[in-house]
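start38.txt (compact mmCIF, N, CA and C atoms)
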```
# COMPACT_ATOMS: atom_id res chain seq x y z
N MET J 1 28.95 12.26 25.27
CA MET J 1 28.90 11.80 23.90
C MET J 1 28.98 13.02 22.98
N THR J 2 29.73 12.91 21.93
CA THR J 2 29.91 14.03 21.02
C THR J 2 28.68 14.24 20.13
N ARG J 3 28.56 15.45 19.64
CA ARG J 3 27.46 15.77 18.74
C ARG J 3 27.54 14.91 17.48
N ALA J 4 28.75 14.67 17.00
CA ALA J 4 28.92 13.84 15.80
C ALA J 4 28.38 12.44 16.03
N ARG J 5 28.62 11.88 17.21
CA ARG J 5 28.12 10.54 17.51
C ARG J 5 26.59 10.54 17.59
N VAL J 6 26.02 11.56 18.22
CA VAL J 6 24.56 11.66 18.31
C VAL J 6 23.96 11.75 16.90
N ILE J 7 24.57 12.53 16.03
CA ILE J 7 24.08 12.66 14.66
C ILE J 7 24.19 11.32 13.94
N GLN J 8 25.26 10.59 14.19
CA GLN J 8 25.41 9.27 13.58
C GLN J 8 24.30 8.33 14.05
N ILE J 9 23.98 8.38 15.34
CA ILE J 9 22.91 7.52 15.88
C ILE J 9 21.55 7.95 15.31
N LEU J 10 21.32 9.25 15.18
CA LEU J 10 20.08 9.74 14.56
C LEU J 10 19.97 9.25 13.13
N ASP J 11 21.07 9.30 12.41
CA ASP J 11 21.08 8.82 11.03
C ASP J 11 20.77 7.33 10.97
N GLU J 12 21.31 6.56 11.91
CA GLU J 12 21.01 5.13 11.97
C GLU J 12 19.53 4.91 12.22
N PHE J 13 18.95 5.70 13.13
CA PHE J 13 17.53 5.54 13.46
C PHE J 13 16.66 5.83 12.23
N PHE J 14 16.85 7.01 11.64
CA PHE J 14 16.00 7.39 10.51
C PHE J 14 16.35 6.64 9.23
N GLY J 15 17.51 6.00 9.20
CA GLY J 15 17.91 5.23 8.03
C GLY J 15 17.57 3.75 8.13
N THR J 16 16.99 3.34 9.25
CA THR J 16 16.63 1.93 9.42
C THR J 16 15.47 1.61 8.48
N MET J 17 15.73 0.70 7.55
CA MET J 17 14.73 0.39 6.53
C MET J 17 14.41 -1.10 6.54
N TYR J 18 13.17 -1.39 6.18
CA TYR J 18 12.76 -2.79 6.04
C TYR J 18 13.49 -3.39 4.85
N GLN J 19 14.03 -4.58 5.04
CA GLN J 19 14.71 -5.29 3.96
C GLN J 19 13.76 -6.33 3.39
N PRO J 20 13.42 -6.22 2.11
CA PRO J 20 12.47 -7.16 1.49
C PRO J 20 12.84 -8.61 1.75
N GLY J 21 11.82 -9.38 2.10
CA GLY J 21 12.01 -10.80 2.35
C GLY J 21 12.41 -11.13 3.77
N LYS J 22 12.74 -10.12 4.57
CA LYS J 22 13.13 -10.35 5.95
C LYS J 22 11.90 -10.28 6.85
N ASP J 23 12.03 -10.80 8.04
CA ASP J 23 10.94 -10.81 9.01
C ASP J 23 10.66 -9.40 9.52
N VAL J 24 9.40 -9.03 9.58
CA VAL J 24 9.01 -7.70 10.07
C VAL J 24 9.41 -7.53 11.53
N GLY J 25 9.32 -8.60 12.30
CA GLY J 25 9.70 -8.53 13.71
C GLY J 25 11.16 -8.12 13.89
N ILE J 26 12.02 -8.62 13.03
CA ILE J 26 13.44 -8.25 13.09
C ILE J 26 13.61 -6.77 12.75
N PHE J 27 12.89 -6.31 11.74
CA PHE J 27 12.94 -4.89 11.37
C PHE J 27 12.48 -4.02 12.54
N LEU J 28 11.36 -4.38 13.16
CA LEU J 28 10.85 -3.60 14.29
C LEU J 28 11.84 -3.58 15.44
N CYS J 29 12.50 -4.69 15.67
CA CYS J 29 13.53 -4.77 16.71
C CYS J 29 14.69 -3.84 16.39
N ARG J 30 15.09 -3.77 15.13
CA ARG J 30 16.18 -2.87 14.73
C ARG J 30 15.79 -1.41 14.96
N VAL J 31 14.54 -1.06 14.67
CA VAL J 31 14.07 0.31 14.90
C VAL J 31 14.10 0.62 16.39
N LYS J 32 13.60 -0.31 17.21
CA LYS J 32 13.58 -0.07 18.66
C LYS J 32 14.99 0.00 19.24
N MET J 33 15.90 -0.80 18.72
CA MET J 33 17.29 -0.75 19.20
C MET J 33 17.93 0.59 18.86
N ALA J 34 17.66 1.11 17.67
CA ALA J 34 18.20 2.42 17.29
C ALA J 34 17.62 3.50 18.20
N ALA J 35 16.34 3.40 18.53
CA ALA J 35 15.71 4.37 19.44
C ALA J 35 16.32 4.25 20.83
N SER J 36 16.62 3.04 21.26
CA SER J 36 17.24 2.82 22.56
C SER J 36 18.63 3.46 22.62
N ARG J 37 19.39 3.33 21.53
CA ARG J 37 20.72 3.97 21.49
C ARG J 37 20.60 5.49 21.58
N LEU J 38 19.58 6.05 20.96
CA LEU J 38 19.35 7.49 21.06
C LEU J 38 19.01 7.88 22.49
N GLN J 39 18.17 7.08 23.14
CA GLN J 39 17.80 7.38 24.52
C GLN J 39 19.03 7.31 25.43
N GLU J 40 19.88 6.32 25.21
CA GLU J 40 21.12 6.21 25.99
C GLU J 40 22.01 7.43 25.78
N ALA J 41 21.90 8.06 24.61
CA ALA J 41 22.67 9.26 24.31
C ALA J 41 22.00 10.52 24.85
N GLY J 42 20.86 10.34 25.52
CA GLY J 42 20.16 11.48 26.12
C GLY J 42 19.11 12.11 25.23
N HIS J 43 18.68 11.41 24.20
CA HIS J 43 17.68 11.94 23.27
C HIS J 43 16.54 10.95 23.12
N LYS J 44 15.53 11.08 23.98
CA LYS J 44 14.39 10.17 23.93
C LYS J 44 13.62 10.39 22.63
N VAL J 45 13.26 9.29 21.99
CA VAL J 45 12.51 9.35 20.73
C VAL J 45 11.02 9.33 21.06
N ASP J 46 10.31 10.35 20.62
CA ASP J 46 8.87 10.43 20.82
C ASP J 46 8.18 9.28 20.09
N ASP J 47 7.08 8.79 20.68
CA ASP J 47 6.32 7.69 20.08
C ASP J 47 5.88 8.00 18.65
N LEU J 48 5.59 9.25 18.36
CA LEU J 48 5.18 9.64 17.01
C LEU J 48 6.28 9.29 16.00
N TYR J 49 7.53 9.64 16.33
CA TYR J 49 8.64 9.37 15.42
C TYR J 49 8.97 7.88 15.36
N LEU J 50 8.89 7.22 16.50
CA LEU J 50 9.15 5.78 16.54
C LEU J 50 8.10 5.04 15.71
N GLY J 51 6.84 5.40 15.89
CA GLY J 51 5.77 4.78 15.11
C GLY J 51 5.91 5.05 13.62
N PHE J 52 6.25 6.30 13.29
CA PHE J 52 6.43 6.65 11.88
C PHE J 52 7.56 5.83 11.26
N GLN J 53 8.65 5.68 11.99
CA GLN J 53 9.78 4.92 11.46
C GLN J 53 9.41 3.45 11.26
N MET J 54 8.52 2.94 12.11
CA MET J 54 8.10 1.55 11.99
C MET J 54 7.28 1.29 10.73
N ILE J 55 6.60 2.31 10.23
CA ILE J 55 5.71 2.09 9.08
C ILE J 55 6.20 2.71 7.78
N ARG J 56 7.20 3.55 7.82
CA ARG J 56 7.52 4.34 6.63
C ARG J 56 8.17 3.56 5.49
N TYR J 57 8.88 2.50 5.75
CA TYR J 57 9.57 1.77 4.68
C TYR J 57 9.00 0.38 4.42
N LEU J 58 7.79 0.14 4.84
CA LEU J 58 7.21 -1.20 4.67
C LEU J 58 6.85 -1.45 3.20
N PRO J 59 6.87 -2.71 2.79
CA PRO J 59 6.54 -3.04 1.40
C PRO J 59 5.05 -2.86 1.10
N GLN J 60 4.72 -2.93 -0.16
CA GLN J 60 3.36 -2.69 -0.65
C GLN J 60 2.31 -3.54 0.04
N GLU J 61 2.62 -4.79 0.34
CA GLU J 61 1.61 -5.67 0.93
C GLU J 61 1.16 -5.20 2.32
N PHE J 62 1.88 -4.28 2.94
CA PHE J 62 1.49 -3.74 4.25
C PHE J 62 0.73 -2.42 4.13
N GLN J 63 0.57 -1.89 2.93
CA GLN J 63 0.04 -0.54 2.79
C GLN J 63 -1.40 -0.37 3.27
N SER J 64 -2.23 -1.39 3.16
CA SER J 64 -3.60 -1.24 3.68
C SER J 64 -3.57 -1.12 5.21
N THR J 65 -2.70 -1.88 5.84
CA THR J 65 -2.56 -1.78 7.30
C THR J 65 -1.98 -0.43 7.69
N VAL J 66 -1.00 0.05 6.94
CA VAL J 66 -0.41 1.36 7.21
C VAL J 66 -1.48 2.44 7.09
N GLN J 67 -2.33 2.37 6.08
CA GLN J 67 -3.40 3.36 5.92
C GLN J 67 -4.38 3.31 7.09
N GLN J 68 -4.67 2.11 7.59
CA GLN J 68 -5.53 1.99 8.77
C GLN J 68 -4.87 2.63 9.98
N ILE J 69 -3.58 2.40 10.14
CA ILE J 69 -2.84 2.98 11.28
C ILE J 69 -2.88 4.50 11.21
N TYR J 70 -2.74 5.07 10.01
CA TYR J 70 -2.80 6.52 9.86
C TYR J 70 -4.14 7.09 10.33
N ARG J 71 -5.19 6.30 10.31
CA ARG J 71 -6.52 6.78 10.71
C ARG J 71 -6.76 6.65 12.22
N TRP J 72 -5.84 6.04 12.94
CA TRP J 72 -6.02 5.90 14.38
C TRP J 72 -6.03 7.27 15.05
N LYS J 73 -6.68 7.33 16.20
CA LYS J 73 -6.65 8.54 17.02
C LYS J 73 -5.23 8.72 17.56
N ASP J 74 -4.90 9.96 17.90
CA ASP J 74 -3.55 10.26 18.38
C ASP J 74 -3.14 9.40 19.56
N GLU J 75 -4.06 9.19 20.49
CA GLU J 75 -3.71 8.42 21.69
C GLU J 75 -3.50 6.93 21.39
N GLU J 76 -3.99 6.47 20.24
CA GLU J 76 -3.79 5.07 19.84
C GLU J 76 -2.50 4.87 19.06
N PHE J 77 -1.95 5.95 18.54
CA PHE J 77 -0.75 5.88 17.70
C PHE J 77 0.49 5.76 18.59
N THR J 78 0.69 4.56 19.12
CA THR J 78 1.83 4.28 19.98
C THR J 78 2.69 3.21 19.33
N ALA J 79 3.96 3.23 19.65
CA ALA J 79 4.88 2.25 19.07
C ALA J 79 4.45 0.83 19.40
N GLY J 80 4.02 0.60 20.63
CA GLY J 80 3.61 -0.74 21.03
C GLY J 80 2.41 -1.25 20.25
N LYS J 81 1.43 -0.39 20.05
CA LYS J 81 0.24 -0.80 19.31
C LYS J 81 0.56 -0.99 17.82
N ILE J 82 1.39 -0.12 17.28
CA ILE J 82 1.79 -0.25 15.87
C ILE J 82 2.56 -1.55 15.67
N GLU J 83 3.48 -1.84 16.57
CA GLU J 83 4.25 -3.07 16.48
C GLU J 83 3.33 -4.29 16.50
N ALA J 84 2.38 -4.31 17.42
CA ALA J 84 1.45 -5.44 17.52
C ALA J 84 0.64 -5.59 16.23
N GLU J 85 0.17 -4.49 15.68
CA GLU J 85 -0.63 -4.53 14.45
C GLU J 85 0.19 -5.04 13.26
N LEU J 86 1.43 -4.60 13.18
CA LEU J 86 2.28 -5.04 12.07
C LEU J 86 2.65 -6.51 12.18
N ILE J 87 2.85 -6.99 13.38
CA ILE J 87 3.15 -8.42 13.56
C ILE J 87 1.93 -9.26 13.21
N LEU J 88 0.75 -8.79 13.61
CA LEU J 88 -0.48 -9.49 13.22
C LEU J 88 -0.62 -9.56 11.70
N GLU J 89 -0.36 -8.44 11.05
CA GLU J 89 -0.47 -8.40 9.58
C GLU J 89 0.58 -9.30 8.94
N ALA J 90 1.79 -9.30 9.46
CA ALA J 90 2.84 -10.17 8.92
C ALA J 90 2.43 -11.64 9.04
N ASN J 91 1.85 -12.00 10.18
CA ASN J 91 1.39 -13.38 10.36
C ASN J 91 0.24 -13.72 9.41
N ARG J 92 -0.66 -12.76 9.21
CA ARG J 92 -1.77 -12.97 8.28
C ARG J 92 -1.23 -13.18 6.86
N LEU J 93 -0.30 -12.33 6.46
CA LEU J 93 0.28 -12.45 5.12
C LEU J 93 1.04 -13.76 4.96
N ARG J 94 1.74 -14.16 5.99
CA ARG J 94 2.47 -15.42 5.95
C ARG J 94 1.50 -16.57 5.75
N GLY J 95 0.34 -16.51 6.41
CA GLY J 95 -0.68 -17.54 6.25
C GLY J 95 -1.26 -17.58 4.85
N LEU J 96 -1.41 -16.41 4.24
CA LEU J 96 -1.94 -16.35 2.87
C LEU J 96 -1.01 -17.04 1.88
N PHE J 97 0.27 -16.86 2.09
CA PHE J 97 1.23 -17.43 1.15
C PHE J 97 1.60 -18.86 1.50
N TRP J 98 1.31 -19.28 2.71
CA TRP J 98 1.64 -20.63 3.15
C TRP J 98 0.63 -21.65 2.63
N TYR J 99 -0.64 -21.29 2.75
CA TYR J 99 -1.70 -22.21 2.34
C TYR J 99 -2.11 -21.93 0.90
N PRO J 100 -2.40 -22.97 0.13
CA PRO J 100 -2.85 -22.74 -1.25
C PRO J 100 -4.18 -22.00 -1.26
N ARG J 101 -4.33 -21.14 -2.22
CA ARG J 101 -5.59 -20.40 -2.35
C ARG J 101 -6.67 -21.31 -2.89
N LEU J 102 -7.86 -21.08 -2.42
CA LEU J 102 -8.99 -21.90 -2.87
C LEU J 102 -9.59 -21.27 -4.11
N GLY J 103 -10.01 -22.13 -5.02
CA GLY J 103 -10.78 -21.83 -6.11
C GLY J 103 -10.63 -20.93 -7.15
```
Now, as a test, write the supplied structure out as structure tokens.
Amino acid sequence: MTRARVIQILDEFFGTMYQPGKDVGIFLCRVKMAASRLQEAGHKVDDLYLGFQMIRYLPQEFQSTVQQIYRWKDEEFTAGKIEAELILEANRLRGLFWYPRLG
């Protein structure tokens, strides 16, 4: 694979952004697919970078969860755990907007 192609794949990875109104799960899948393409090109993406990419472009309503994730210990900061936390938060937020607020 040419260096130009690897740079293009890197650009796709770091340029993957959350699209407002879209499902967070789809965004996370796009990030993981971009990381997979990099690995296929011989450049494994460290969990630190994968996790950072998963949280860096999230909308304001996720910022409290993102701040909590930043406080995790290094060994807890894994892509799998971040993905699970973000999906939980997305489901929680969906529930808040689905049901009418009380009082």
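Between atom CA of Met1 of chain J and atom CA of Met33 of chain J the separation is 17.7 Å.
With only C-alpha atoms as the basis for measurement, J:Glu61 is the residue among J:Glu61, J:Glu83, J:Glu76, J:Asp46 that approaches Leu96 of chain J most closely.
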As JSON, numbers by chain, list the residues of chain J assigned to helix (DSSP H, G or I) by DSSP on the backbone atoms of this structure.
{"J": [3, 4, 5, 6, 7, 8, 9, 10, 11, 12, 13, 14, 15, 24, 25, 26, 27, 28, 29, 30, 31, 32, 33, 34, 35, 36, 37, 38, 39, 40, 47, 48, 49, 50, 51, 52, 53, 54, 55, 56, 60, 61, 62, 63, 64, 65, 66, 67, 68, 69, 70, 74, 75, 76, 79, 80, 81, 82, 83, 84, 85, 86, 87, 88, 89, 90, 91, 92, 93, 94, 95, 96, 97, 98]}
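Atom to atom, atom CA of Ala41 of chain J and atom N of Val6 of chain J stand 7.3 Å apart.
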As a check of understanding: the span from atom CA of Ile87 of chain J to atom N of Gln39 of chain J is 23.6 Å
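Nearest residue to Gly21 of chain J, choosing from J:Leu88, J:Ile69, J:Leu58, J:Ala34 and counting only C-alpha atoms: J:Leu58.
With only C-alpha atoms as the atoms that count, the minimum distance from Ala35 of chain J to the choices J:Met54, J:Leu86, J:Val66, J:Leu93 is reached by J:Met54.
Here the question is which of J:Trp72, J:Lys32, J:Gln53, J:Ile26 gets nearest to Phe14 of chain J using only C-alpha atoms, and that residue is J:Gln53.
Of the residues listed (J:Asp11, J:Ser36, J:Pro59, J:Ile82), J:Pro59 shows the shortest atom-to-atom separation from Asp23 of chain J; distances use only C-alpha atoms.
Distances here use all atoms listed in the file; by that measure, the residue among J:Phe62, J:Leu48, J:Ala90, J:Arg56 closest to Val24 of chain J is J:Ala90.
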Each side padded by 8 Å, which centre and which edge lengths in Å (one decimal) define the axis-aligned box around the listed atoms of segment 73-86 of chain J? Give them as lines of an AutoDock Vina configuration file.
```
center_x = -0.9
center_y = 1.9
center_z = 16.9
size_x = 27.6
size_y = 32.8
size_z = 25.6
```
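For Met17 of chain J, the set of protein, DNA and RNA residues having any atom at most 7 Å away, when counting only C-alpha atoms and skipping those fewer than 2 positions along the same chain, is Gly15, Gln19 and Tyr57 of chain J.
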